[in-house]
Amino acid sequence: MTERPLATTGEASTTSRTPWTQRPGWMSQHLGTAIIGGVLGYLFGHWLGNAISSNYAYIVNSGQNATADALALIFGVVGWLLGIGALNYPLAKLAGRQPEKEVELDHWSKYFRYSTNHKTVGLQYVVGVLLFMFTGGLLAMAIRTELLNPTTHYFSADTYIKIVSEHGTIMMMMATSIVVGPLGNYLVPLMIGSRRMAFPRIEAFSFWIFVAGYMVIFSALPYGGFPTGWTGYAPLQTQAGPGMVSYLFGFAVIGMGMMAAGFNIAVTIINYRAPGMTWSRLPIFVWSILATAALLTLATPTLFAAGLFGLLDKTAQTAFYVTEHGGSSYLWENLFWFFGHPEVYIMALPGFGIVGEILPVFTRKPLFAYKVGAAGMIGVSLLSFFVWQHHLFQSGINPDMRPLFMLTTELISIPTGFIYLVGMGTLYKAKIRFEIPMLFAMALYFNFLIGGVTGVFLSDVPVNVTVHGGFFVLSHFHYTIMGGLLFAFMAGLYYWLPKMTGRMMNKKIGLWHFWTMFIFFNLTFFPMFIIGLLGQPRRVFTYAKNLQGLNDFSSVSAFLLGFSFLIFFFNLVWSLYINPQKAPANPWESLGLEWQTANPVPPYNFERIPVILTDPYHYSEASAPAVADLGGGDELIPAVSSHDGSGVA
Amino acid sequence: MNETHHLRRMTIIWIVLSVAADLLFWFLVGPHVPPGRMTDMATSNQFDFNVLFVIAIPVLIGVWIYLAYAIAVWSAKRGGPEPVGGEAARTNRTVQVAWITITSVVVIFLAGFGTVELVVNHGSGGGEGPNPVWSPSGAIKAETAALAGTGTWSPNSNQVLPVQVIAQQWKFTYRYPTFGGFETSQLVLPVHTTIAFNVTSLDVIHSFWAYQLSVKADANPQINDVAYTTTNQTGRFTVRCSELCGIWHGSMYNYGSVVSQQQFMQWAQSTEAANAANTKFLPPFAWTYVPDANGAAGGYYPDGSATPYSTAEIYGAKQPAS
Ligand code: HEM
Ligand SMILES: [Cu+2]
């Protein structure tokens with residue numbers, strides 16, 4: 001037997017030359033080849049589908065064939081992955097060759113390539129989720145335009161419902177990754193003292209498949225949209241046109257990215273912590289990402305399978321969800337929400353982690369009840385698997401189980417309350433600095449409170465009779481996802497972008513952004529609680545005449561809320577490109593390990609693997625101990641040398 | 001200022017504001033909270049909403065006061081962060097234990113309260129599936145008789161009235177099994193009567209939402225979803241579809257009315273007579289119906305062709321047993 005050469009880690013790989021697939025310039029693999037691969041795959045799949053099943057048309061002789069649509073998307077995604085180079089490594093392994101090692105280019109074009117550097121992936125994700133969010137936001141504006149008037153319609157009923165569906169689905173897909181993708185990938189290794197992610201290729205895969213998922217779900221629009229809302233209930237799903245294929249396959253694609261990302265991050269956190277990084281020293285943000293990663297890994301497979309069944313129903317004419325043929329429409333409802341409820345905590349926990357990380361920095365106090373906070377996150381993530389039928393209280397499904405699901409749902413507010421305990425306790429007698437990240441973090445506590453309290457109303461079965469399926473629910477989940485997660489994401493961006501980009505975000509524009517977003521968010525969504533109580537169902541293009549005033553108020557506020565996002569984008573462009581201001585090494589004087597690395601962060605993060613000495617929340621000590629021995633020497637430099645003005649160490 | 005001073009101040013502001021807001025809400029807003037008091041279920045669901053709100057107000061106000069106080073009093077002076085040490089920085093065990101205990105007690109109380117209300121009110125007007133366990137007295141008897149075609153209802157008899165709601169894209173129709181099973185698009189109900197709604201669908205999932213009656217039950221194809229309510233006031237009410245069912249979901253609404261028992265009896269008997277010629281073409285009354293290929297089930301034709309087939313041709317005169 002010949003001896004296999006030991007795989008060298010990147011650091012030592014100076015001997016190997018850059019493989020052609022990764023050189024700068026056109027003749028290599030990058031976004032362009034991914035697009036070409038995607039298009040070719042799409043065309044091939046479409047041809048294949050028509051060749052094998054042209055008789056299964058939606059409508060006879062219409063040339064529209066679900067199998068062709070599905071195969072086109074499937075091969076399109078495979079082509080995309082081949083084009084970007086995601087499959088080079090596994091294919092080489094399969095062929096028995098020694099795969100070429102990925103090298104990180106030191107060139108701007110690395111952002112358009114299959115990069116295995118977690119910091120590059122983090123920044124790629126920033127752009128990715130913002131693109132997602134922008135698309136979803138435009139659709140939201142369209143929704144609020146239609147709802148300006150109950151009788152004058154700007155869109156047809158058909159177009160409107162497809163706009164709502166697309167908005168919801170895009171936003172939900174985006175929100176699964178909005179924190180885990182950009183901040184999780186970028187920061188987790190830095191925070192736990194690791195040089196890399198456990199599975200860098202899986203990490204790169206999770207990003208590029210996320211982009212593919214975006215394009216697949218976007219393809220629903222040129223396909224004519226889908227009419228089911230983001231929940232995709234069957235049999236409406238079975239009845240719908242080709243846009244539904246994009247929805248079903250889109251969730252499967254996004255799902256693969258979620259599983260990959262979750263698995264990678266969980267393994268990284270569990271196995272790649274630096275020496276001394278005990279569980280009780282783990283930053284609270286990392287705890288939240290770990291809890292989220294658990295949900296991503298364990299809940300998403302259900303969605304994946306559910307989507308696959310739906311695709312089979314549409315293409316191979318199986319009958320998973322077709323009641324007349326032995327299937328069940330309840331099956332989709334169960335599967336969807338079995339994933340869907342953990343999903344909503346995927347969209348809440350990372351936000352809690354961000355504010356938990358930010359509060360101590362701007363209050364100069366240790367995090368209050370750290371252990372309770374971490375336990376709360378684990379508790380939420382466990383309990384979230386036992387509540388899914390609260391979405392189905394009026395469906396007639398397991399009606400005798402309603403008290404149980406009411407109980408589990410309300411129990412979840414106990415661990416969620418821990419997050420408030422942590423927040424309120426940390427603010428107690430603090431010295432608060434109202435920097436932009438802190439403002440956004442405090443706004444989360446305001447918004448999520450309303451979202452959480454109304455959640456208790458929804459979980460009460462008798463009250464649920466009135467509020468289920470109406471604008472009350474709509475407002476409730478926008479308060480938790482947008483008011484919670486999105487505000488936290490903004491807090492995180494303002495807080496960590498200086499680390500990630502080396503540039504400070506402009507504070508004045510930031511203040512404008514914060515106040516417009518905070519005020520108009522509340523003005524947009526608060527009236528929706530009342531609109532809902534007064535009887536307006538979700539997903540309707542027309543409503544009772546007497547609700548026009550409230551709807552108009554909400555719409556106008558929504559347009560201004562949309563405008564606040566433009567301020568944010570302007571701030572990004574302004575602060576990063578037009579008038580860049582170099583960020584100090586540790587602008588907020590944080591004790592977190594991520595801020596102790598060099599700026600810009602070197603490819604391997606840490607010169608030597610750091611030895612963690614303590615938790616990062618010793619803000620109450622005038623001369624706080626350094627969180628880690630970075631191995632620079634035996635002298636331990638305090639990161640923050642009190643307030644004598646010398647600032648950063 | 002010392003700790004007790006802070007806490008005492010905040011507590012006093014909190015108690016005063018909460019009590020004031022609670023009283024204002026309970027007496028001024030509470031009686032008007034949707035869905036009103038047209039039925040027993042509506043009345044008790046309104047009560048439940050108000051109880052939750054009265055508990056929610058102190059929670060909201062508590063956090064708001066705390067945040068406002070923090071912003072006003074605990075902000076940093078200009079010029080660099082100062083570490084906050086000493087007692088303020090310690091994690092206080094009593095506070096943690098108290099917080100966890102109080103939230104747990106409130107939450108478990110709420111779950112218990114909700115359960116009692118749900119059971120006592122026979123499902124609170126929500127869909128209870130095909131075999132409701134918390135049915136009002138007389139309901140099972142009335143439903144069984146309705147299916148057998150032997151059901152009766154007359155004014156002042158205190159009988160439960162079964163009504164079937166059939167949803168399809170995009171309208172609701174209603175069948176009255178105790179009156180020969182006629183089908184109509186008008187929903188008329190007698191006052192002071194317990195109604196057993198039997199909700200089903202011919203195509204996709206809809207949801208029958210009689211807003212002022214506080215009834216909401218999903219209409220699933222081939223499932224009978226039962227919901228109860230007891231009417232208390234006469235008047236008009238709105239019916240809206242509350243589960244997305246396709247393009248015209250938004251216009252899937254109509255109005256129903258609760259009238260006196262005599263008026264109802266009159267209406268039912270005259271509609272039964274007027275519709276008799278049509279009623280005999282309807283399928284026999286059943287809890288669910290499977291539309292044939294000419295129906296709206298979504299284009300799955302057993303013979304694989306896209307042309308609607310005739311059941312008679314395929315199965316002969318006898319329909320397949322379902
Ligand atoms: C500018 C901000 C936004 C506005 C004005 C807005 C507005 C709306 C409106 C009016 C609807 C409901 C239409 C209806 O059911 O009749 C809706 C639905 C929805 N929105 Fe948003 N939204 C915004 C941002 C977001 C964000 C950030 C998320 C999540 C991350 C989100 C997730 C959803 C979802 C899941 C639905 C449900 C779609 C469905 O019914 O299937 N939205 N939005
Ligand atoms: Cu409907």
# chains A, B, ... in the order shown; residues from 1 in each chain; ligands from 1
>>> interface_residues(of="chain A", to="chain B", cutoff="7 Å", atoms="only C-alpha atoms", output="VMD selection string")
chain A and resid 60 157 to 158 161 227 to 228 235 to 236 239 364 to 366 368 to 369 394 to 397 399 403 406 to 407 410 to 411 414 427 to 433 453 457 460 to 463 465 to 466 469 533 to 535 537 539 to 542 619 to 622 642 to 643 645
>>> closest_atom_pairs(of="chain A", to="ligand 1", cutoff="8 Å", atoms="only C-alpha atoms and all ligand atoms", output="Markdown table")
| residue | atom | partner | partner_atom_place_in_ligand_line | distance |
| --- | --- | --- | --- | --- |
| A:Met133 | CA | ligand 1 | 27 (C) | 7.1 |
| A:Gly136 | CA | ligand 1 | 24 (C) | 7.1 |
| A:Gly137 | CA | ligand 1 | 1 (C) | 5.3 |
| A:Leu138 | CA | ligand 1 | 1 (C) | 7.9 |
| A:Ala140 | CA | ligand 1 | 6 (C) | 4.6 |
| A:Met141 | CA | ligand 1 | 5 (C) | 6.0 |
| A:Ile143 | CA | ligand 1 | 10 (C) | 5.5 |
| A:Arg144 | CA | ligand 1 | 10 (C) | 5.4 |
| A:Leu147 | CA | ligand 1 | 10 (C) | 7.7 |
| A:Val164 | CA | ligand 1 | 13 (C) | 5.4 |
| A:Ser165 | CA | ligand 1 | 41 (O) | 4.9 |
| A:Glu166 | CA | ligand 1 | 38 (C) | 7.6 |
| A:His167 | CA | ligand 1 | 20 (N) | 6.1 |
| A:Gly168 | CA | ligand 1 | 34 (C) | 3.6 |
| A:Thr169 | CA | ligand 1 | 35 (C) | 6.1 |
| A:Ile170 | CA | ligand 1 | 32 (C) | 8.0 |
| A:Met171 | CA | ligand 1 | 30 (C) | 4.3 |
| A:Met172 | CA | ligand 1 | 30 (C) | 5.1 |
| A:Met173 | CA | ligand 1 | 30 (C) | 7.9 |
| A:Met174 | CA | ligand 1 | 30 (C) | 6.7 |
| A:Ala175 | CA | ligand 1 | 30 (C) | 4.9 |
| A:Thr228 | CA | ligand 1 | 41 (O) | 6.9 |
| A:Gly229 | CA | ligand 1 | 41 (O) | 3.3 |
| A:Trp230 | CA | ligand 1 | 41 (O) | 3.8 |
| A:Thr231 | CA | ligand 1 | 41 (O) | 5.7 |
| A:Gly232 | CA | ligand 1 | 41 (O) | 7.8 |
| A:Met347 | CA | ligand 1 | 30 (C) | 7.9 |
| A:Gly470 | CA | ligand 1 | 15 (O) | 7.7 |
| A:Phe471 | CA | ligand 1 | 15 (O) | 6.9 |
| A:Leu474 | CA | ligand 1 | 12 (C) | 6.4 |
| A:Phe477 | CA | ligand 1 | 32 (C) | 7.5 |
| A:His478 | CA | ligand 1 | 31 (C) | 6.0 |
| A:Ile481 | CA | ligand 1 | 30 (C) | 5.5 |
| A:Met482 | CA | ligand 1 | 27 (C) | 4.7 |
| A:Leu485 | CA | ligand 1 | 30 (C) | 7.9 |
| A:Leu486 | CA | ligand 1 | 27 (C) | 6.6 |
| A:Phe521 | CA | ligand 1 | 2 (C) | 7.5 |
| A:Thr524 | CA | ligand 1 | 5 (C) | 6.7 |
| A:Phe525 | CA | ligand 1 | 5 (C) | 7.8 |
| A:Pro537 | CA | ligand 1 | 16 (O) | 7.1 |
| A:Arg538 | CA | ligand 1 | 15 (O) | 3.8 |
| A:Arg539 | CA | ligand 1 | 16 (O) | 3.3 |
| A:Val540 | CA | ligand 1 | 16 (O) | 5.1 |
| A:Phe541 | CA | ligand 1 | 16 (O) | 7.0 |
| A:Ser555 | CA | ligand 1 | 5 (C) | 7.3 |
| A:Ala558 | CA | ligand 1 | 5 (C) | 4.6 |
| A:Phe559 | CA | ligand 1 | 5 (C) | 7.2 |
| A:Leu561 | CA | ligand 1 | 1 (C) | 5.7 |
| A:Gly562 | CA | ligand 1 | 1 (C) | 5.1 |
>>> write_last_selection(atoms="C-alpha atoms", output="short mmCIF file (atom, residue, chain, number, x, y, z; two decimals), in the first residue's frame")
data_model
loop_
_atom_site.label_atom_id
_atom_site.label_comp_id
_atom_site.auth_asym_id
_atom_site.auth_seq_id
_atom_site.Cartn_x
_atom_site.Cartn_y
_atom_site.Cartn_z
CA MET A 133 -33.90 41.84 2.30
CA GLY A 136 -38.46 41.36 0.08
CA GLY A 137 -38.73 44.97 1.17
CA LEU A 138 -39.74 46.17 -2.30
CA ALA A 140 -43.65 44.80 1.12
CA MET A 141 -44.01 48.27 -0.35
CA ILE A 143 -48.37 45.07 -0.49
CA ARG A 144 -48.90 48.26 1.44
CA LEU A 147 -53.88 48.02 0.87
CA VAL A 164 -47.67 38.59 -0.53
CA SER A 165 -46.49 35.01 -0.93
CA GLU A 166 -43.19 36.02 -2.45
CA HIS A 167 -42.60 38.71 0.18
CA GLY A 168 -43.23 36.30 3.02
CA THR A 169 -41.16 33.49 1.60
CA ILE A 170 -38.19 35.63 0.66
CA MET A 171 -38.18 37.30 4.06
CA MET A 172 -38.45 34.03 5.94
CA MET A 173 -35.63 32.47 3.94
CA MET A 174 -33.51 35.52 4.43
CA ALA A 175 -34.21 35.64 8.15
CA THR A 228 -50.20 29.91 -1.12
CA GLY A 229 -48.41 32.39 1.09
CA TRP A 230 -45.16 31.37 2.71
CA THR A 231 -46.92 28.48 4.43
CA GLY A 232 -47.66 26.69 1.14
CA MET A 347 -35.22 33.89 13.77
CA GLY A 470 -55.77 37.82 10.81
CA PHE A 471 -53.70 40.98 10.92
CA LEU A 474 -49.24 39.43 11.11
CA PHE A 477 -44.67 38.10 14.00
CA HIS A 478 -43.39 41.27 12.41
CA ILE A 481 -38.89 39.01 13.55
CA MET A 482 -38.49 42.52 12.33
CA LEU A 485 -34.18 39.96 14.87
CA LEU A 486 -33.82 42.72 12.31
CA PHE A 521 -41.65 50.36 12.40
CA THR A 524 -46.54 50.60 10.64
CA PHE A 525 -47.17 47.53 12.66
CA PRO A 537 -57.94 38.48 7.66
CA ARG A 538 -54.44 38.07 6.30
CA ARG A 539 -53.66 37.86 2.62
CA VAL A 540 -56.70 39.73 1.38
CA PHE A 541 -56.68 42.42 -1.30
CA SER A 555 -49.20 52.08 4.60
CA ALA A 558 -44.54 51.57 5.85
CA PHE A 559 -43.32 53.75 3.01
CA LEU A 561 -40.08 52.66 7.05
CA GLY A 562 -38.91 51.64 3.59
#
>>> select_by_dssp(residues="region 111-145 of chain B", states="helix (DSSP H, G or I)", output="count of residues only")
21
>>> residues_around(residues="His122 (chain B)", least_positions_apart="5", cutoff="7 Å", atoms="only C-alpha atoms", output="PyMOL selection string")
chain B and resi 134-136+228
>>> write_last_selection(atoms="N, CA, C and O atoms", output="compact mmCIF listing (two decimals), in the first residue's frame")
# COMPACT_ATOMS: atom_id res chain seq x y z
N TRP B 134 -65.67 18.12 23.93
CA TRP B 134 -66.29 19.06 24.86
C TRP B 134 -67.56 19.63 24.25
O TRP B 134 -67.68 20.83 24.04
N SER B 135 -68.53 18.73 23.98
CA SER B 135 -69.70 19.25 23.30
C SER B 135 -70.81 19.60 24.29
O SER B 135 -70.91 19.00 25.36
N PRO B 136 -71.63 20.58 23.95
CA PRO B 136 -72.74 20.96 24.83
C PRO B 136 -73.78 19.84 24.86
O PRO B 136 -73.85 19.02 23.94
N TYR B 228 -69.00 24.88 18.05
CA TYR B 228 -70.27 25.24 18.68
C TYR B 228 -70.31 26.70 19.05
O TYR B 228 -69.31 27.31 19.41
>>> residues_around(residues="Ser177 (chain A)", least_positions_apart="2", cutoff="10 Å", atoms="only C-alpha atoms", output="list in words")
Tyr125, Val126, Gly128, Val129, Met172, Met173, Met174, Ala175, Val179, Val180, Gly181, Pro182, Leu183, Gly184, Ser206, Phe207, Phe210, Ile254, Gly257, Met258, Ala261, Gly262, Leu296, Ile346, Met347 and Pro350 of chain A
